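Taking it in order: structure first as structure tokens, then the write-up.
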2 protein chains.
Amino acid sequence: MHISSIKTLLRESGLKVTPIRLALLNYLSKAKKPLSVEDLMQVKSLLEVDKVTLYRNLDTFVKKGIIQRLDLHRREAYFEMQHKHGHHHHIICMECGLIEDMHSCSMDIAVKNVEKKSKKFSKIIDHSMEFYGLCKKCDK
Amino acid sequence: MHISSIKTLLRESGLKVTPIRLALLNYLSKAKKPLSVEDLMQVKSLLEVDKVTLYRNLDTFVKKGIIQRLDLHRREAYFEMQHKHGHHHHIICMECGLIEDMHSCSMDIAVKNVEKKSKKFSKIIDHSMEFYGLCKKCDK
DNA sequence: ATAGATGCAAACTATTTGCATCCTC
DNA sequence: GAGGATGCAAATAGTTTGCATCTAT
């Protein structure tokens, strides 16, 4: 993602454009896997940024729908850019922690079924689905 | 679940039978929704039990496959008995926190697909799927 | 008798909050 | 200039660890 489009994204979300936010979103948008706050703190351009500022910006981005917070059954939260083409899910290696994205899974039908089957719920807004297993490396 | 079968379960798992464990599993096996440590601390028969002991026993039970730890996008962990008839999933109300179980969802096919589609993984061992929405009460 | 279970105190980790200062618009 | 962004210090929440004591087998 180009810096200019990140600036536009921030402005459209009603957020101020700051060096930290640019660096953060620049890195996140290029990342090929979900990142933890710990991961982000080690990025060169973010090395001197206070951890609290990262947390606050990530929170803000999540609320604005720019990024997504993931629950990967680890202690810490993981973040990745919000993918516009609907949901995608993850496979996490129980041995080494490797994370692979899983696109194009036909969950829409499942979601509709859940809404129908539920007795107490009337609206499904979001869903998460994660797979846990062994990557080819660790499965030996 | 009867006390006697809980005792058997513990013995078969190679665990000692203690009053705390009996009370814990007795309550968990009767619960109709996943419970947090906070929830468990308020159970009459567990009121005087140290929180640490609950954590340790829950850990042990998870490792032995007696109960399951759930990640419901909340701060704390939730626990429920391991259901033998395969996985089931949850719907969580984003407003009031109500949790409903969702049985009999045909995820097996989806899991097989994931295994096939994945480039880096060879084995899927477990999966989790949660739905977030509004319960009928909160959806007004 | 011995290994494992429990309680108490203290540590740890991720995350949040308060407040003063700084920067973007 | 004003309101939001940042840094620093400190609090919080959930969970874990160390160690001494107790209990089930």
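In the structure tokens, each chain is lettered A, B, ... as it comes, each chain's residues begin at 1, and ligands are numbered from 1 in order of appearance.
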### Task
Could you give me, as number ranges by chain, the residues within 12 Å of range 37-51 of chain A, counting only C-alpha atoms (C1' of nucleotides) and dropping anything in the same chain fewer than 4 positions from it?
A: 19-28, 31, 33, 55-59, 69, 75-80; C: 13-16; D: 5-8
Write out as a tab-separated table a residue-level contact list of chain B versus chain C with cut-off 9 Å: for each qualifying residue the closest pair of atoms and the distance in Å to one decimal, counting only C-alpha atoms (C1' of nucleotides), rows sorted by chain and residue number upward.
residue	atom	partner	partner_atom	distance
B:Leu15	CA	C:DG4	C1'	8.6
B:Lys16	CA	C:DG4	C1'	7.7
B:Thr18	CA	C:DA5	C1'	8.1
B:Val49	CA	C:DG7	C1'	8.7
B:Asp50	CA	C:DG7	C1'	6.6
B:Val52	CA	C:DG7	C1'	8.3
B:Thr53	CA	C:DT6	C1'	6.5
### Message
Which residues are close to Leu70 in chain B, i.e. within 12 Å by only C-alpha atoms (C1' of nucleotides), leaving aside same-chain residues fewer than 6 positions away? Reply as JSON, numbers by chain.
### Response
{"A": [71, 72, 73, 74], "B": [33, 34, 35, 36, 58, 62, 76, 77, 78, 79, 80, 81, 82, 87, 88, 89, 90, 92, 99, 127, 128, 129, 130]}
### All strand (DSSP E or B) positions in range 17-125 of chain B, as a ChimeraX atom specification
/B:35-36,67-70,78-81,89-93,99-102,121-125
### Query
What residues in chain A lie within 10 Å of chain B, counting only C-alpha atoms, written as a ChimeraX atom specification?
/A:69-74,77,89-94,98-107,110-111,113-115,117-140
### Query
Which of these residues is nearest to chain D, using only C-alpha atoms (C1' of nucleotides): A:Lys112, A:Cys96, A:Gln68, A:Thr60?
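Going through A:Lys112, A:Cys96, A:Gln68, A:Thr60 one by one, the smallest distance to chain D is for A:Thr60.
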### Query
From the set B:Lys32, B:Arg11, B:Lys63, B:His83, which residue has the shortest atom-to-atom contact distance to chain D, counting only C-alpha atoms (C1' of nucleotides)?
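With only C-alpha atoms (C1' of nucleotides) as the atom set, the closest residue is B:Arg11.
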### Task
Mind listing the alpha helix (DSSP H) residues of chain A, per DSSP on the backbone, as a VMD selection string?
chain A and resid 3 to 12 19 to 30 37 to 41 51 to 64 108 to 117
### Query
Any idea what the distance is between C1' of DC19 in chain D and CA of Lys64 in chain B?
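A separation of 25.5 Å between them.
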### Task
May I have the residues of chain D within 12 Å of chain B, counting only C-alpha atoms (C1' of nucleotides), written as a VMD selection string?
chain D and resid 13 to 17 23 to 25
How would the residues just picked look written out with C-alpha atoms (C1' of nucleotides) as a compact mmCIF listing (two decimals), in the first residue's frame?
# COMPACT_ATOMS: atom_id res chain seq x y z
C1' DA D 13 -6.78 -8.27 35.01
C1' DG D 14 -5.95 -12.77 34.12
C1' DT D 15 -2.86 -16.16 34.77
C1' DT D 16 1.50 -18.55 36.37
C1' DT D 17 5.27 -19.96 39.55
C1' DT D 23 -3.70 -35.75 51.39
C1' DA D 24 -4.97 -39.70 48.41
C1' DT D 25 -3.24 -43.95 47.15
